[in-house]
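For reference, model-v3.cif is printed below; it contains mmCIF, C-alpha atoms.
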data_final
#
loop_
_atom_site.label_atom_id
_atom_site.label_comp_id
_atom_site.auth_asym_id
_atom_site.auth_seq_id
_atom_site.Cartn_x
_atom_site.Cartn_y
_atom_site.Cartn_z
CA MET A 880 121.55 232.73 226.74
CA THR A 881 118.85 230.13 227.27
CA ARG A 882 118.22 227.98 224.23
CA SER A 883 114.81 227.57 222.67
CA PHE A 884 113.97 224.00 221.74
CA GLU A 885 111.09 224.02 219.26
CA LYS A 886 112.15 221.61 216.53
CA VAL A 887 113.54 218.24 217.55
CA GLY A 888 115.00 215.41 215.52
CA VAL A 889 114.81 211.77 216.60
CA VAL A 890 117.06 209.28 214.82
CA GLY A 891 115.86 205.70 215.14
CA LEU A 892 112.15 204.92 215.37
CA GLY A 893 112.09 201.56 217.05
CA THR A 894 109.98 201.16 220.16
CA MET A 895 112.18 203.53 222.14
CA GLY A 896 112.74 206.18 219.47
CA ALA A 897 109.11 206.25 218.39
CA GLY A 898 108.11 206.68 222.03
CA ILE A 899 110.53 209.59 222.41
CA ALA A 900 109.18 211.23 219.25
CA GLU A 901 105.66 210.84 220.62
CA VAL A 902 106.65 212.44 223.93
CA PHE A 903 108.05 215.54 222.21
CA ALA A 904 105.03 215.79 219.90
CA ARG A 905 102.63 215.46 222.83
CA ALA A 906 104.35 218.50 224.38
CA GLY A 907 103.67 220.57 221.26
CA LEU A 908 107.11 220.45 219.66
CA ARG A 909 107.71 219.79 215.97
CA VAL A 910 109.50 216.50 215.44
CA VAL A 911 111.45 215.06 212.52
CA GLY A 912 111.78 211.29 212.83
CA VAL A 913 114.55 209.64 210.81
CA GLU A 914 115.05 206.01 209.89
CA ALA A 915 117.61 204.24 207.73
CA ASP A 916 115.33 203.12 204.88
CA PRO A 917 111.67 203.08 203.82
CA GLU A 918 111.01 199.68 205.38
CA ALA A 919 112.32 200.79 208.78
CA LEU A 920 110.43 204.05 208.41
CA GLY A 921 107.23 202.09 207.86
CA ARG A 922 107.85 200.15 211.08
CA GLY A 923 108.47 203.43 212.89
CA ARG A 924 105.19 204.83 211.60
CA GLY A 925 103.50 201.66 212.83
CA ASN A 926 105.06 202.12 216.28
CA LEU A 927 103.74 205.68 216.48
CA GLU A 928 100.27 204.78 215.25
CA GLY A 929 100.12 201.75 217.53
CA SER A 930 101.11 203.63 220.68
CA THR A 931 98.77 206.55 220.11
CA GLY A 932 96.04 204.13 219.04
CA ARG A 933 96.30 202.29 222.35
CA ALA A 934 96.10 205.58 224.22
CA LEU A 935 93.00 206.47 222.18
CA ALA A 936 91.37 203.13 222.95
CA LYS A 937 91.96 203.64 226.67
CA GLY A 938 90.48 207.13 226.63
CA ARG A 939 93.79 208.86 227.31
CA LEU A 940 93.69 210.69 223.98
CA SER A 941 90.84 211.99 221.85
CA GLU A 942 90.78 211.52 218.09
CA ALA A 943 91.64 215.19 217.66
CA GLU A 944 94.57 215.00 220.10
CA ARG A 945 95.92 211.92 218.41
CA ALA A 946 95.70 213.60 215.01
CA GLU A 947 97.52 216.68 216.37
CA ILE A 948 100.32 214.57 217.83
CA LEU A 949 100.87 212.58 214.65
CA GLY A 950 100.58 215.77 212.59
CA ARG A 951 103.54 217.30 214.43
CA ILE A 952 105.81 214.41 213.39
CA THR A 953 107.47 214.42 209.96
CA LEU A 954 109.02 211.13 208.89
CA THR A 955 112.03 210.88 206.59
CA THR A 956 114.97 208.71 205.60
CA SER A 957 117.34 211.67 205.19
CA LEU A 958 119.53 213.01 207.99
CA GLU A 959 119.83 216.20 205.96
CA ASP A 960 116.28 217.05 207.06
CA LEU A 961 117.70 217.70 210.53
CA ALA A 962 119.76 220.69 209.38
CA ASP A 963 117.62 223.26 211.23
CA ALA A 964 116.71 221.19 214.30
CA ASP A 965 117.39 222.77 217.70
CA LEU A 966 117.98 219.37 219.32
CA VAL A 967 118.63 215.94 217.85
CA ILE A 968 118.37 212.81 219.99
CA GLU A 969 119.48 209.41 218.76
CA ALA A 970 117.84 206.13 219.71
CA ILE A 971 119.75 203.65 217.58
CA PRO A 972 121.18 200.29 218.79
CA GLU A 973 123.65 200.26 221.69
CA ILE A 974 126.73 199.83 219.51
CA MET A 975 129.42 202.46 220.02
CA ASP A 976 130.72 202.39 216.44
CA PHE A 977 127.20 203.06 215.12
CA LYS A 978 126.66 205.96 217.50
CA ARG A 979 130.06 207.55 216.81
CA ALA A 980 129.47 207.37 213.06
CA LEU A 981 126.01 208.92 213.44
CA PHE A 982 127.26 211.77 215.61
CA THR A 983 130.00 212.53 213.10
CA ASP A 984 127.27 212.92 210.46
CA LEU A 985 125.01 214.94 212.74
CA ASP A 986 127.87 217.29 213.62
CA ARG A 987 128.36 217.99 209.92
CA ILE A 988 124.66 218.39 209.11
CA CYS A 989 123.15 220.20 212.09
CA LYS A 990 123.44 223.94 212.67
CA PRO A 991 126.30 224.96 215.01
CA SER A 992 123.95 225.91 217.86
CA ALA A 993 122.10 222.57 217.86
CA VAL A 994 122.41 220.29 220.85
CA LEU A 995 123.08 216.62 220.11
CA ALA A 996 121.78 214.08 222.61
CA THR A 997 122.09 210.34 222.98
CA ASN A 998 119.52 208.05 224.56
CA THR A 999 122.20 205.51 225.39
CA SER A 1000 121.46 203.45 228.48
CA SER A 1001 125.07 202.54 229.24
CA LEU A 1002 127.69 203.82 226.78
CA SER A 1003 130.11 206.68 227.38
CA VAL A 1004 128.61 210.03 226.40
CA THR A 1005 132.11 211.52 226.53
CA GLU A 1006 133.35 209.06 223.91
CA ILE A 1007 130.38 209.82 221.67
CA ALA A 1008 130.88 213.58 222.11
CA ALA A 1009 134.57 213.34 221.19
CA THR A 1010 133.63 212.44 217.59
CA THR A 1011 132.13 215.90 217.11
CA GLY A 1012 133.40 219.43 216.88
CA ARG A 1013 130.92 220.46 219.60
CA PRO A 1014 131.61 218.14 222.56
CA GLY A 1015 130.32 220.76 224.98
CA ARG A 1016 126.91 220.58 223.32
CA VAL A 1017 126.56 216.79 223.47
CA VAL A 1018 124.61 215.30 226.38
CA GLY A 1019 122.82 212.16 227.40
CA MET A 1020 119.03 212.26 227.56
CA HIS A 1021 118.09 208.78 228.70
CA PHE A 1022 114.37 207.99 228.53
CA PHE A 1023 112.85 204.77 229.83
CA ASN A 1024 110.55 202.32 228.09
CA PRO A 1025 107.68 202.97 227.41
CA ALA A 1026 108.73 206.60 226.96
CA PRO A 1027 105.19 208.06 226.88
CA VAL A 1028 104.48 206.51 230.30
CA MET A 1029 107.73 206.42 232.28
CA ARG A 1030 108.34 209.67 234.15
CA LEU A 1031 112.12 209.63 234.55
CA VAL A 1032 114.77 211.12 232.26
CA GLU A 1033 118.43 210.79 233.21
CA VAL A 1034 120.28 213.91 232.01
CA VAL A 1035 123.91 212.91 231.55
CA HIS A 1036 126.63 215.57 231.62
CA THR A 1037 130.32 215.12 230.89
CA VAL A 1038 133.45 216.94 232.03
CA VAL A 1039 133.24 219.16 228.94
CA THR A 1040 129.48 219.89 228.90
CA GLU A 1041 128.84 223.61 228.53
CA ASP A 1042 127.88 225.39 231.74
CA GLY A 1043 124.14 225.51 232.15
CA LEU A 1044 123.34 223.04 229.35
CA ALA A 1045 122.41 220.17 231.67
CA ASP A 1046 120.02 222.52 233.47
CA GLU A 1047 118.45 223.55 230.15
CA ILE A 1048 117.96 219.90 229.15
CA ALA A 1049 116.45 219.20 232.58
CA ALA A 1050 114.05 222.11 232.05
CA LEU A 1051 113.13 220.66 228.65
CA ALA A 1052 112.43 217.30 230.29
CA ARG A 1053 110.08 219.01 232.74
CA ARG A 1054 108.38 220.71 229.80
CA LEU A 1055 107.75 217.19 228.46
CA GLY A 1056 106.08 216.24 231.75
CA LYS A 1057 109.09 214.21 232.89
CA THR A 1058 111.15 214.27 236.07
CA PRO A 1059 114.86 214.78 235.30
CA VAL A 1060 117.77 213.52 237.37
CA SER A 1061 121.21 214.90 236.56
CA VAL A 1062 123.95 212.24 236.55
CA GLY A 1063 127.62 211.94 235.65
CA ASP A 1064 128.99 209.95 232.75
CA ARG A 1065 129.51 206.49 234.22
CA ALA A 1066 128.46 203.19 232.67
CA GLY A 1067 124.79 202.49 233.35
CA PHE A 1068 124.35 205.91 235.00
CA VAL A 1069 122.06 205.46 238.05
CA VAL A 1070 119.10 203.27 237.14
CA ASN A 1071 120.77 200.64 234.99
CA ARG A 1072 123.87 200.49 237.16
CA LEU A 1073 121.61 199.38 240.01
CA LEU A 1074 118.82 197.62 238.11
CA LEU A 1075 120.86 195.43 235.76
CA THR A 1076 123.02 194.21 238.62
CA TYR A 1077 119.84 193.04 240.38
CA LEU A 1078 118.42 191.43 237.24
CA ASN A 1079 121.70 189.70 236.47
CA HIS A 1080 121.90 188.32 240.01
CA ALA A 1081 118.39 186.93 239.64
CA ALA A 1082 119.62 184.99 236.60
CA VAL A 1083 122.57 183.70 238.66
CA LEU A 1084 120.18 182.51 241.39
CA LEU A 1085 118.10 180.71 238.77
CA GLU A 1086 121.18 179.00 237.36
CA ASN A 1087 122.25 177.97 240.87
CA GLY A 1088 118.87 176.32 241.46
CA LEU A 1089 117.93 178.50 244.44
CA ALA A 1090 114.36 178.81 243.12
CA THR A 1091 112.39 178.55 239.90
CA ARG A 1092 111.76 181.39 237.48
CA ASP A 1093 108.19 181.76 238.74
CA GLY A 1094 109.32 181.47 242.34
CA ILE A 1095 111.85 184.27 242.01
CA ASP A 1096 109.42 186.53 240.15
CA THR A 1097 106.67 185.90 242.72
CA ALA A 1098 109.05 186.44 245.65
CA MET A 1099 110.14 189.84 244.36
CA LYS A 1100 106.62 190.98 243.48
CA LEU A 1101 105.03 189.98 246.77
CA GLY A 1102 108.05 190.42 249.04
CA VAL A 1103 109.37 193.71 247.68
CA GLY A 1104 106.29 195.15 245.99
CA VAL A 1105 107.76 195.60 242.51
CA PRO A 1106 105.16 195.44 239.70
CA MET A 1107 107.13 192.84 237.72
CA GLY A 1108 109.52 190.10 238.73
CA PRO A 1109 113.08 190.17 237.35
CA PHE A 1110 112.52 187.65 234.55
CA ALA A 1111 109.32 189.28 233.32
CA LEU A 1112 111.18 192.61 233.37
CA LEU A 1113 114.18 191.18 231.51
CA ASP A 1114 111.84 189.92 228.79
CA LEU A 1115 110.20 193.35 228.59
CA ILE A 1116 113.52 195.24 228.38
CA GLY A 1117 114.97 192.76 225.90
CA LEU A 1118 117.60 190.19 226.80
CA ASP A 1119 119.96 191.56 224.15
CA THR A 1120 119.73 195.08 225.56
CA SER A 1121 120.22 193.80 229.10
CA TYR A 1122 123.21 191.70 228.04
CA GLU A 1123 124.82 194.65 226.25
CA VAL A 1124 124.44 196.89 229.31
CA MET A 1125 125.92 194.20 231.56
CA CYS A 1126 128.90 193.86 229.24
CA VAL A 1127 129.53 197.62 229.37
CA LEU A 1128 129.25 197.64 233.16
CA PHE A 1129 131.67 194.75 233.48
CA GLN A 1130 134.11 196.28 231.01
CA GLU A 1131 134.24 199.52 233.02
CA THR A 1132 134.30 198.07 236.54
CA ARG A 1133 135.69 194.51 236.19
CA ASP A 1134 133.40 193.73 239.12
CA ARG A 1135 132.15 190.12 239.00
CA ARG A 1136 128.68 191.31 240.05
CA HIS A 1137 128.39 192.83 236.59
CA ALA A 1138 129.63 189.82 234.62
CA PRO A 1139 126.63 188.63 232.55
CA ALA A 1140 125.13 185.36 233.77
CA PRO A 1141 125.86 182.52 231.31
CA ILE A 1142 122.15 181.78 230.85
CA LEU A 1143 121.63 185.37 229.66
CA ARG A 1144 124.41 184.99 227.10
CA GLU A 1145 123.03 181.64 225.92
CA LEU A 1146 119.49 182.98 225.41
CA VAL A 1147 120.78 185.97 223.45
CA THR A 1148 122.98 183.75 221.30
CA ALA A 1149 119.95 181.57 220.58
CA GLY A 1150 117.95 184.61 219.48
CA LEU A 1151 115.53 184.34 222.42
CA LEU A 1152 115.39 188.03 223.29
CA GLY A 1153 112.13 188.30 225.24
CA ARG A 1154 108.91 189.91 224.09
CA LYS A 1155 110.41 191.30 220.91
CA THR A 1156 110.95 187.74 219.62
CA GLY A 1157 108.06 186.08 221.47
CA ALA A 1158 110.29 184.02 223.75
CA GLY A 1159 112.94 184.61 226.38
CA PHE A 1160 112.77 183.58 230.00
CA TYR A 1161 109.05 183.28 229.30
CA ASP A 1162 108.03 181.35 226.19
CA GLY A 1163 105.12 183.42 224.95
CA GLU A 1164 103.13 183.08 228.18
CA ALA A 1165 101.14 186.03 229.41
CA VAL A 1166 103.07 187.94 232.05
CA PRO A 1167 102.07 191.13 233.91
CA THR A 1168 102.41 194.27 231.81
CA PRO A 1169 102.95 197.76 233.18
CA PRO A 1170 100.35 200.36 232.16
CA ALA A 1171 100.79 201.74 228.66
CA GLY A 1172 100.15 205.28 227.53
#
Rewrite the coordinates I just gave you, this time as structure tokens.
Amino acid sequence: MTRSFEKVGVVGLGTMGAGIAEVFARAGLRVVGVEADPEALGRGRGNLEGSTGRALAKGRLSEAERAEILGRITLTTSLEDLADADLVIEAIPEIMDFKRALFTDLDRICKPSAVLATNTSSLSVTEIAATTGRPGRVVGMHFFNPAPVMRLVEVVHTVVTEDGLADEIAALARRLGKTPVSVGDRAGFVVNRLLLTYLNHAAVLLENGLATRDGIDTAMKLGVGVPMGPFALLDLIGLDTSYEVMCVLFQETRDRRHAPAPILRELVTAGLLGRKTGAGFYDGEAVPTPPAG
């Protein structure tokens, strides 16, 4: 029987999670957004108001539409408020122990028919699912940043995913106005397995003195036609996130192409994480920004 997804929970309301909550609310679904404490919940509210405010300023939303979107989102610090959700998607940090602990709690709290999804960009969905009593109803639903703008959703299935569930999640993604691609459970899936290898190699070229930061970014923009060079994109993604994905890729493959470049490790250790901290490969300079929703 085809599931009906009408009430969705989103755990973690950072930039990514707030964007996911907005996407579901834009599509007319009721959303419960959960954060760890009132301070984090306030930041999540700010992320939602900021994103929809920018869309309003650019004429992509009316005041009434913005009010409707925000009105569909209930904010809370209690996971127990997800008890009757049809789908819960997590968007917490890329740390396996955190995700496994959360899914253990969600499995206890959520109704038996609920589907649990992870927005992980690199970690094993199978390993996350194994912490629950419903591994067949655990999938990956990987959105891209900024979620309201980026069209792709990677739908990640495992060897134990229930028959037809990946197709139902893909149909849900289309309902959200996204284009789904179904992928197997391998580190980095499709996009990050290819993209992070490229970005990491750009850092290696910089370290080797082949060209400057600006030279490499300009070469890729003008020579390949990408909207952002690799270092501007690394700063946008977050150097910590990029480093974590590279570590997962290397751990699974032991391929030297996936070994994080030393300069990436050094910047992360120094707390220079890109735009989120105001400095990374770029030190607060204005760099090209992709269109925001």
Just want the 10 Å neighbourhood of Ser992 (chain A), counted on only C-alpha atoms, with same-chain residues fewer than 3 positions away dropped. Output as a PyMOL selection string. chain A and resi 882+963-966+989+995+1013+1016
Leaving out region 1046-1048 of chain A and any residue of its chain fewer than 5 positions from it, which residues lie within 8 Å of it when counting only C-alpha atoms, given as a compact mmCIF listing (two decimals) with C-alpha atoms, in the frame of the given file?
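Result file is around25.txt:
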# COMPACT_ATOMS: atom_id res chain seq x y z
CA THR A 881 118.85 230.13 227.27
CA ARG A 882 118.22 227.98 224.23
CA MET A 1020 119.03 212.26 227.56
CA VAL A 1034 120.28 213.91 232.01
Matched chain/residue IDs from the PyMOL selection byres ((chain A and resi 971) around 7), as a PyMOL selection string: chain A and resi 890-891+969-970+972-973
Would you kindly translate the PyMOL selection byres ((chain A and resi 1056-1058) around 8) into the concrete residues it picks from this file, as a list of chain:residue names?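 This file gives the following for the PyMOL selection byres ((chain A and resi 1056-1058) around 8): A:Ala906, A:Met1029, A:Arg1030, A:Leu1031, A:Val1032, A:Ala1052, A:Arg1053, A:Arg1054, A:Leu1055, A:Pro1059, A:Val1060.
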Between A:Gly923, A:Gly896, A:Pro1139, A:Gly1117, which residue has the minimum interatomic distance to Leu1151 (chain A), considering all atoms listed in the file?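 Looking at the shortest contact to Leu1151 (chain A), the residue is A:Gly1117.
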Neighbour list for Leu1084 (chain A) as a PyMOL selection string, cut-off 12 Å, all atoms listed in the file, skip fewer than 4 positions in-chain: chain A and resi 1077-1080+1088-1092+1094-1096+1109-1110+1140-1142
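Going from CA of Leu892 (chain A) over to CA of Leu981 (chain A), you cover 14.6 Å.
If you apply the PyMOL selection byres ((chain A and resi 987) around 12) to this structure, you end up with Leu958, Glu959, Leu961, Ala962, Ala980, Leu981, Phe982, Thr983, Asp984, Leu985, Asp986, Ile988, Cys989, Lys990, Pro991, Ala993, Leu995, Thr1010, Thr1011, Gly1012 and Arg1013 of chain A.
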Could you please take those selected residues and save C-alpha atoms as an mmCIF file, keeping the file's coordinate frame?
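Listing of selection_28.cif after writing:
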data_model
loop_
_atom_site.group_PDB
_atom_site.id
_atom_site.type_symbol
_atom_site.label_atom_id
_atom_site.label_comp_id
_atom_site.auth_asym_id
_atom_site.auth_seq_id
_atom_site.Cartn_x
_atom_site.Cartn_y
_atom_site.Cartn_z
ATOM 1 C CA LEU A 958 119.530 213.010 207.990
ATOM 2 C CA GLU A 959 119.830 216.200 205.960
ATOM 3 C CA LEU A 961 117.700 217.700 210.530
ATOM 4 C CA ALA A 962 119.760 220.690 209.380
ATOM 5 C CA ALA A 980 129.470 207.370 213.060
ATOM 6 C CA LEU A 981 126.010 208.920 213.440
ATOM 7 C CA PHE A 982 127.260 211.770 215.610
ATOM 8 C CA THR A 983 130.000 212.530 213.100
ATOM 9 C CA ASP A 984 127.270 212.920 210.460
ATOM 10 C CA LEU A 985 125.010 214.940 212.740
ATOM 11 C CA ASP A 986 127.870 217.290 213.620
ATOM 12 C CA ILE A 988 124.660 218.390 209.110
ATOM 13 C CA CYS A 989 123.150 220.200 212.090
ATOM 14 C CA LYS A 990 123.440 223.940 212.670
ATOM 15 C CA PRO A 991 126.300 224.960 215.010
ATOM 16 C CA ALA A 993 122.100 222.570 217.860
ATOM 17 C CA LEU A 995 123.080 216.620 220.110
ATOM 18 C CA THR A 1010 133.630 212.440 217.590
ATOM 19 C CA THR A 1011 132.130 215.900 217.110
ATOM 20 C CA GLY A 1012 133.400 219.430 216.880
ATOM 21 C CA ARG A 1013 130.920 220.460 219.600
#
Which residues are close to Lys1155 (chain A), i.e. within 10 Å by all atoms listed in the file, leaving aside same-chain residues fewer than 6 positions away? Reply as a list of chain:residue names.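 Once the nearby chain positions are removed, what remains is A:Thr894, A:Asp1114, A:Leu1115, A:Ile1116, A:Gly1117, A:Leu1118.
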